[in-house]
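J.: The structure is given below, and queries will be raised subsequently.
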Amino acid sequence: MVRNILMIKKILIILFFSLNANAALEVTIAQGKVEPTPIAITQIFGADSDTARYGNTLRQIISNNLTNSGLFYTVNEDLYIQSDNLVEKVPRFEDWKLIKAQFLLSADVGKIDKGIRLRMRLYDVFNAKEIEKLQLTIPDENLIRRVGHTVSDIVYERITGETGFFDTRIVYVSEIGPLDQRVKRLAIMDQDGHIDSHQFLTDGKNMVLTPRFAPNKQLITYMEYKNNLPRVYIYNLKTGEREIVGDFPGMTFAPRFSPDSQSVVMSFSDPNNAANSEIYLMDLNTRSRLQLTDDSGIDTSPSFSPDGEKIVFNSDRGGSPQLFIMDKKGNNIKRISKGRGVYGNPVWSPRGDLIAFTKLTQGNFHIGVMDINGNNERVIVRDFALESPAWSPNGRYLIFHRQKRSNLDGTGGEVTIHFIDITGYNERVIPTPRDGSDPAWSPLL
């Protein structure tokens, strides 16, 4: 079993120890600085103690979400001149201009027969006009957090013109224990990491790796090491049921869904030739499989383009691990990575314009992005150990995991999940109850 674990680890990271550690770094970190837009969020009024509590929760969620995006900051409430409920009356825009709020969000909540009613208005202060008006019915107070994320998405999209990303979840591998005896469980949480949203999906008896969401939101594919053999599974979030993908005789790993959620692309390593792995596509309806690559090297980490026409993957077929693109049938394979170093973990942006990747050079890991033809490579963040970049559904942000150096006695080495703008600005930790690795972002719910 130890030999197989070492082999699968080797294949998954594709020799992520540089064959040329002294090679010069050829790209630079693009350090961006976004000036956050000031938004005022008034008290969300409620008619009684319960609705007032709901209002306070909603206001906190919305404010935290917008601030965490790096594109907004909430104007200090102590500066507010007008403190009325502005859902049913026109704001005094001059009062809000004085405290330099560019936008103003006002809302109230009340109890109705069908649950809780939320009314919201969003104003453009400088142009003195309403830009969004909304009324929602919340059937269950347990959905308050979801509604807070939904309102955050509406505000974000209305102001920036981009789709939001707040009403989403992150699946990841929760880790605990000594570094040589880690217990790894599948876990899921809201994108903000709030403890109330956290849930374990597996019991930790078997090691799990590389969870990925289906675009239809209800399924997760991942690798589980069971009975001394890595296998690709699908987990149904709605039913809690899981199933093995395919009946391969060897190891299957590094799975991802196709954009239509009807197929899974993954790597397969024949037990008679463990030093080689190929990429296969399996139709989940017919269970038919198509071999996409055929090379003596290791081909792994496939990721579809958003239109489903192409696949990016990494391979050591040229001697060192690099990034390649092929069409969905496995034809027209072309190397796209151009720099020095060891490349891996490619993942196509939901916008279709960029590919994120991990790279090892000069003894450090880097997470970066490049155009889909390999041009304009730039590093977003670098450190001792970084892996598993994953895109937000709007293609503006990345999440990844960072591992600290371990101590001489094997302790330490904590692993945390991080969030960053693709400009390299606004990095922050997403909190998890235990160590967290291999994060993947869901589509909007």
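Letters for chains follow the order of the structure tokens (A, B, ...), residue numbers begin at 1 for each chain, and ligand numbers begin at 1 in the order shown.
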Counting only C-alpha atoms, which residues in region 133-213 of chain A sit no more than 10 Å from region 99-113 of chain A? For each one, give the nearest pair of atoms and the distance in Å, sorted by chain then residue number, as a tab-separated table.
T.:
residue	atom	partner	partner_atom	distance
A:Lys133	CA	A:Ala107	CA	9.8
A:Leu134	CA	A:Ala107	CA	9.2
A:Gln135	CA	A:Ala107	CA	9.4
A:Leu136	CA	A:Val109	CA	9.5
A:Thr137	CA	A:Ile112	CA	8.5
A:Ile138	CA	A:Lys111	CA	9.5
A:Pro139	CA	A:Asp113	CA	9.2
A:Val155	CA	A:Leu105	CA	8.4
A:Ile159	CA	A:Phe103	CA	8.6
J.: Write a file of the selected residues as a PDB file, in the first residue's frame, keeping N, CA and C atoms.
T.:
ATOM      1  N   LYS A 133     -34.489  47.522  -7.061  1.00  0.00           N
ATOM      2  CA  LYS A 133     -35.573  47.385  -6.088  1.00  0.00           C
ATOM      3  C   LYS A 133     -35.969  45.927  -6.058  1.00  0.00           C
ATOM      4  N   LEU A 134     -36.097  45.360  -4.848  1.00  0.00           N
ATOM      5  CA  LEU A 134     -36.299  43.917  -4.748  1.00  0.00           C
ATOM      6  C   LEU A 134     -37.171  43.590  -3.548  1.00  0.00           C
ATOM      7  N   GLN A 135     -38.034  42.598  -3.709  1.00  0.00           N
ATOM      8  CA  GLN A 135     -38.794  42.046  -2.581  1.00  0.00           C
ATOM      9  C   GLN A 135     -38.716  40.527  -2.649  1.00  0.00           C
ATOM     10  N   LEU A 136     -38.334  39.908  -1.542  1.00  0.00           N
ATOM     11  CA  LEU A 136     -38.185  38.456  -1.470  1.00  0.00           C
ATOM     12  C   LEU A 136     -38.993  37.908  -0.304  1.00  0.00           C
ATOM     13  N   THR A 137     -39.499  36.704  -0.467  1.00  0.00           N
ATOM     14  CA  THR A 137     -40.124  35.988   0.636  1.00  0.00           C
ATOM     15  C   THR A 137     -39.201  34.856   1.071  1.00  0.00           C
ATOM     16  N   ILE A 138     -38.869  34.837   2.344  1.00  0.00           N
ATOM     17  CA  ILE A 138     -37.983  33.823   2.908  1.00  0.00           C
ATOM     18  C   ILE A 138     -38.860  32.837   3.677  1.00  0.00           C
ATOM     19  N   PRO A 139     -39.082  31.625   3.168  1.00  0.00           N
ATOM     20  CA  PRO A 139     -40.036  30.711   3.804  1.00  0.00           C
ATOM     21  C   PRO A 139     -39.546  30.135   5.137  1.00  0.00           C
ATOM     22  N   VAL A 155     -26.290  43.016  -5.468  1.00  0.00           N
ATOM     23  CA  VAL A 155     -25.597  44.301  -5.308  1.00  0.00           C
ATOM     24  C   VAL A 155     -24.299  44.305  -6.110  1.00  0.00           C
ATOM     25  N   ILE A 159     -23.654  46.782  -9.491  1.00  0.00           N
ATOM     26  CA  ILE A 159     -22.653  47.853  -9.448  1.00  0.00           C
ATOM     27  C   ILE A 159     -21.481  47.573 -10.370  1.00  0.00           C
TER      28      ILE A 159
END
J.: Give me every strand (DSSP E or B) residue in region 153-320 of chain A, going by DSSP on the backbone, as a count of residues only.
T.: 81
J.: If you count only C-alpha atoms, which residues fall within 9 Å of region 395-400 of chain A, apart from same-chain ones fewer than 4 positions away, as a short mmCIF file (atom, residue, chain, number, x, y, z; two decimals) with N, CA and C atoms, in the first residue's frame?
T.:
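Just written: out33.cif:
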data_model
loop_
_atom_site.label_atom_id
_atom_site.label_comp_id
_atom_site.auth_asym_id
_atom_site.auth_seq_id
_atom_site.Cartn_x
_atom_site.Cartn_y
_atom_site.Cartn_z
N SER A 69 -14.79 40.81 -1.05
CA SER A 69 -14.52 40.81 -2.49
C SER A 69 -13.35 41.70 -2.85
N GLU A 162 -20.45 42.51 -13.29
CA GLU A 162 -20.02 41.12 -13.30
C GLU A 162 -20.98 40.27 -12.49
N SER A 349 -10.45 28.85 -16.88
CA SER A 349 -11.33 29.86 -16.31
C SER A 349 -12.75 29.71 -16.84
N PRO A 350 -13.78 29.97 -16.00
CA PRO A 350 -15.17 29.94 -16.48
C PRO A 350 -15.43 30.94 -17.60
N ARG A 351 -14.63 31.99 -17.68
CA ARG A 351 -14.78 32.96 -18.76
C ARG A 351 -14.18 32.45 -20.07
N GLY A 352 -13.33 31.44 -19.97
CA GLY A 352 -12.72 30.86 -21.16
C GLY A 352 -11.47 31.55 -21.63
N LEU A 354 -8.56 32.41 -19.68
CA LEU A 354 -7.32 32.17 -18.95
C LEU A 354 -7.26 30.74 -18.46
N ALA A 356 -5.45 28.83 -15.15
CA ALA A 356 -4.66 28.91 -13.92
C ALA A 356 -3.81 27.65 -13.80
N ILE A 367 1.52 30.07 -8.04
CA ILE A 367 0.22 29.94 -8.71
C ILE A 367 0.08 31.13 -9.64
N LEU A 386 2.30 25.69 -2.47
CA LEU A 386 0.98 26.15 -2.93
C LEU A 386 0.46 25.14 -3.94
N GLU A 387 -0.84 24.83 -3.87
CA GLU A 387 -1.40 23.88 -4.84
C GLU A 387 -2.88 24.13 -5.03
N SER A 388 -3.43 23.43 -6.03
CA SER A 388 -4.87 23.30 -6.26
C SER A 388 -5.60 24.62 -6.51
N PRO A 389 -5.18 25.41 -7.50
CA PRO A 389 -5.97 26.60 -7.81
C PRO A 389 -7.35 26.22 -8.35
N ALA A 390 -8.35 26.99 -7.98
CA ALA A 390 -9.71 26.78 -8.48
C ALA A 390 -10.36 28.14 -8.67
N TRP A 391 -11.17 28.27 -9.72
CA TRP A 391 -11.76 29.56 -10.09
C TRP A 391 -13.09 29.80 -9.38
N THR A 416 -3.87 25.63 4.85
CA THR A 416 -5.00 26.56 4.89
C THR A 416 -5.48 26.87 3.48
N ILE A 417 -6.76 27.22 3.37
CA ILE A 417 -7.36 27.58 2.09
C ILE A 417 -7.37 29.11 1.97
N HIS A 418 -6.94 29.58 0.80
CA HIS A 418 -6.80 31.02 0.59
C HIS A 418 -7.63 31.48 -0.61
N PHE A 419 -7.95 32.76 -0.59
CA PHE A 419 -8.74 33.44 -1.62
C PHE A 419 -7.89 34.61 -2.11
N ILE A 420 -7.90 34.86 -3.44
CA ILE A 420 -7.13 35.98 -3.95
C ILE A 420 -7.74 36.47 -5.27
N ASP A 421 -7.68 37.77 -5.50
CA ASP A 421 -8.05 38.35 -6.78
C ASP A 421 -6.97 37.98 -7.80
N ILE A 422 -7.34 37.78 -9.07
CA ILE A 422 -6.33 37.37 -10.05
C ILE A 422 -5.34 38.47 -10.36
N THR A 423 -5.55 39.68 -9.84
CA THR A 423 -4.53 40.72 -9.94
C THR A 423 -3.43 40.53 -8.92
N ILE A 430 -9.65 31.61 4.04
CA ILE A 430 -11.03 31.18 4.26
C ILE A 430 -11.01 30.22 5.44
N SER A 437 -7.44 21.52 2.36
CA SER A 437 -6.68 21.47 1.12
C SER A 437 -7.62 21.14 -0.04
N ASP A 438 -7.08 21.16 -1.27
CA ASP A 438 -7.80 20.76 -2.48
C ASP A 438 -9.18 21.42 -2.61
N PRO A 439 -9.28 22.74 -2.50
CA PRO A 439 -10.60 23.37 -2.58
C PRO A 439 -11.12 23.42 -4.01
N ALA A 440 -12.43 23.38 -4.15
CA ALA A 440 -13.08 23.56 -5.46
C ALA A 440 -14.35 24.36 -5.24
N TRP A 441 -14.65 25.24 -6.20
CA TRP A 441 -15.75 26.19 -6.07
C TRP A 441 -16.96 25.70 -6.85
#
J.: Select, from A:Met266, A:Leu118, A:Ala40, A:Leu58, the residue with the minimum atom-to-atom distance to Asp95 (chain A), counting only C-alpha atoms.
T.: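 Comparing A:Met266, A:Leu118, A:Ala40, A:Leu58 against Asp95 (chain A), the winner is A:Ala40.
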J.: For Phe165 (chain A), which residue out of A:Asp190, A:Asp196, A:Glu377, A:Glu241 is the nearest one, using only C-alpha atoms?
T.: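 Smallest distance to Phe165 (chain A) is found for A:Asp190.
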J.: What lies within 7 Å of Gln218 (chain A) using only C-alpha atoms, ignoring chain neighbours under 4 positions off, as a VMD selection string?
T.: chain A and resid 214 236 to 238
J.: List the neighbours of Gly70 (chain A) out to 9 Å using only C-alpha atoms; skip same-chain residues closer than 6 positions along the sequence, and give me the result as a PyMOL selection string.
T.: chain A and resi 34-37+421+425-426
J.: Store the residues of this selection in a file with C-alpha atoms, as a PDB file, in the first residue's frame.
T.:
ATOM      1  CA  VAL A  34      -7.981  48.004  -6.519  1.00  0.00           C
ATOM      2  CA  GLU A  35      -9.404  51.021  -4.735  1.00  0.00           C
ATOM      3  CA  PRO A  36     -12.544  49.745  -2.957  1.00  0.00           C
ATOM      4  CA  THR A  37     -15.831  51.516  -3.630  1.00  0.00           C
ATOM      5  CA  ASP A 421      -8.053  38.350  -6.783  1.00  0.00           C
ATOM      6  CA  TYR A 425      -4.603  41.748  -4.610  1.00  0.00           C
ATOM      7  CA  ASN A 426      -6.754  40.962  -1.562  1.00  0.00           C
TER       8      ASN A 426
END
J.: Got a sec: who's within 10 Å of Asn85 (chain A), counting only C-alpha atoms, leaving out chain neighbours fewer than 5 positions off, as a list in words?
T.: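 The residues satisfying every condition are Thr42, Gln43, Ile44, Phe45, Gly46, Val90, Pro91, Ser106, Ala107 and Asp108 of chain A.
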J.: Between A:Val265, A:Met207, A:Gly177, A:Thr57, single out the one closest to Asn142 (chain A), counting only C-alpha atoms.
T.: A:Thr57
J.: I'd like the contact shell of Lys89 (chain A) - 12 Å cut-off, only C-alpha atoms, skipping same-chain residues fewer than 2 positions apart - returned as a list in words.
T.: Gln82, Ser83, Asp84, Asn85, Leu86, Val87, Pro91, Arg92, Phe93, Ser106, Ala107, Met120, Arg121, Tyr123 and Glu130 of chain A
J.: Generate the output file for the selected residues, N, CA and C atoms, as a short mmCIF file (atom, residue, chain, number, x, y, z; two decimals), in the first residue's frame.
T.:
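Final file, out-v8.cif:
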data_model
loop_
_atom_site.label_atom_id
_atom_site.label_comp_id
_atom_site.auth_asym_id
_atom_site.auth_seq_id
_atom_site.Cartn_x
_atom_site.Cartn_y
_atom_site.Cartn_z
N GLN A 82 -28.35 60.36 8.02
CA GLN A 82 -29.75 59.91 7.91
C GLN A 82 -29.83 58.48 8.40
N SER A 83 -30.73 58.21 9.32
CA SER A 83 -30.83 56.87 9.89
C SER A 83 -32.23 56.28 9.73
N ASP A 84 -33.03 56.82 8.83
CA ASP A 84 -34.39 56.34 8.61
C ASP A 84 -34.41 55.05 7.81
N ASN A 85 -35.57 54.40 7.80
CA ASN A 85 -35.82 53.29 6.89
C ASN A 85 -36.07 53.88 5.51
N LEU A 86 -35.17 53.63 4.58
CA LEU A 86 -35.24 54.27 3.26
C LEU A 86 -35.86 53.38 2.20
N VAL A 87 -36.58 52.34 2.65
CA VAL A 87 -37.24 51.47 1.69
C VAL A 87 -38.48 52.16 1.11
N PRO A 91 -34.02 58.80 -0.20
CA PRO A 91 -32.93 59.27 0.66
C PRO A 91 -32.60 60.75 0.40
N ARG A 92 -32.01 61.37 1.40
CA ARG A 92 -31.44 62.70 1.20
C ARG A 92 -30.03 62.48 0.66
N PHE A 93 -29.91 62.46 -0.64
CA PHE A 93 -28.65 62.07 -1.27
C PHE A 93 -27.48 62.95 -0.86
N SER A 106 -30.47 49.97 1.41
CA SER A 106 -31.40 50.03 2.53
C SER A 106 -32.39 48.88 2.40
N ALA A 107 -32.80 48.30 3.54
CA ALA A 107 -33.71 47.16 3.50
C ALA A 107 -34.48 47.07 4.80
N MET A 120 -35.78 45.50 -0.34
CA MET A 120 -34.45 46.09 -0.48
C MET A 120 -34.45 47.13 -1.58
N ARG A 121 -33.69 48.20 -1.35
CA ARG A 121 -33.46 49.19 -2.40
C ARG A 121 -31.98 49.56 -2.43
N TYR A 123 -29.27 52.35 -4.13
CA TYR A 123 -29.23 53.68 -4.74
C TYR A 123 -27.82 54.03 -5.20
N GLU A 130 -32.37 55.50 -7.88
CA GLU A 130 -32.49 54.10 -7.50
C GLU A 130 -32.02 53.22 -8.66
#
J.: Identify all residues of region 70-172 of chain A in helix (DSSP H, G or I) (DSSP on the backbone) and supply them as a list in words.
T.: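 Selection result, helix (DSSP H, G or I) within region 70-172 of chain A: Glu77, Asp78, Leu79, Phe93, Glu94, Asp95, Trp96, Lys97, Leu98, Glu141, Asn142, Leu143, Ile144, Arg145, Arg146, Val147, Gly148, His149, Thr150, Val151, Ser152, Asp153, Ile154, Val155, Tyr156, Glu157, Arg158, Ile159 and Thr160 of chain A.
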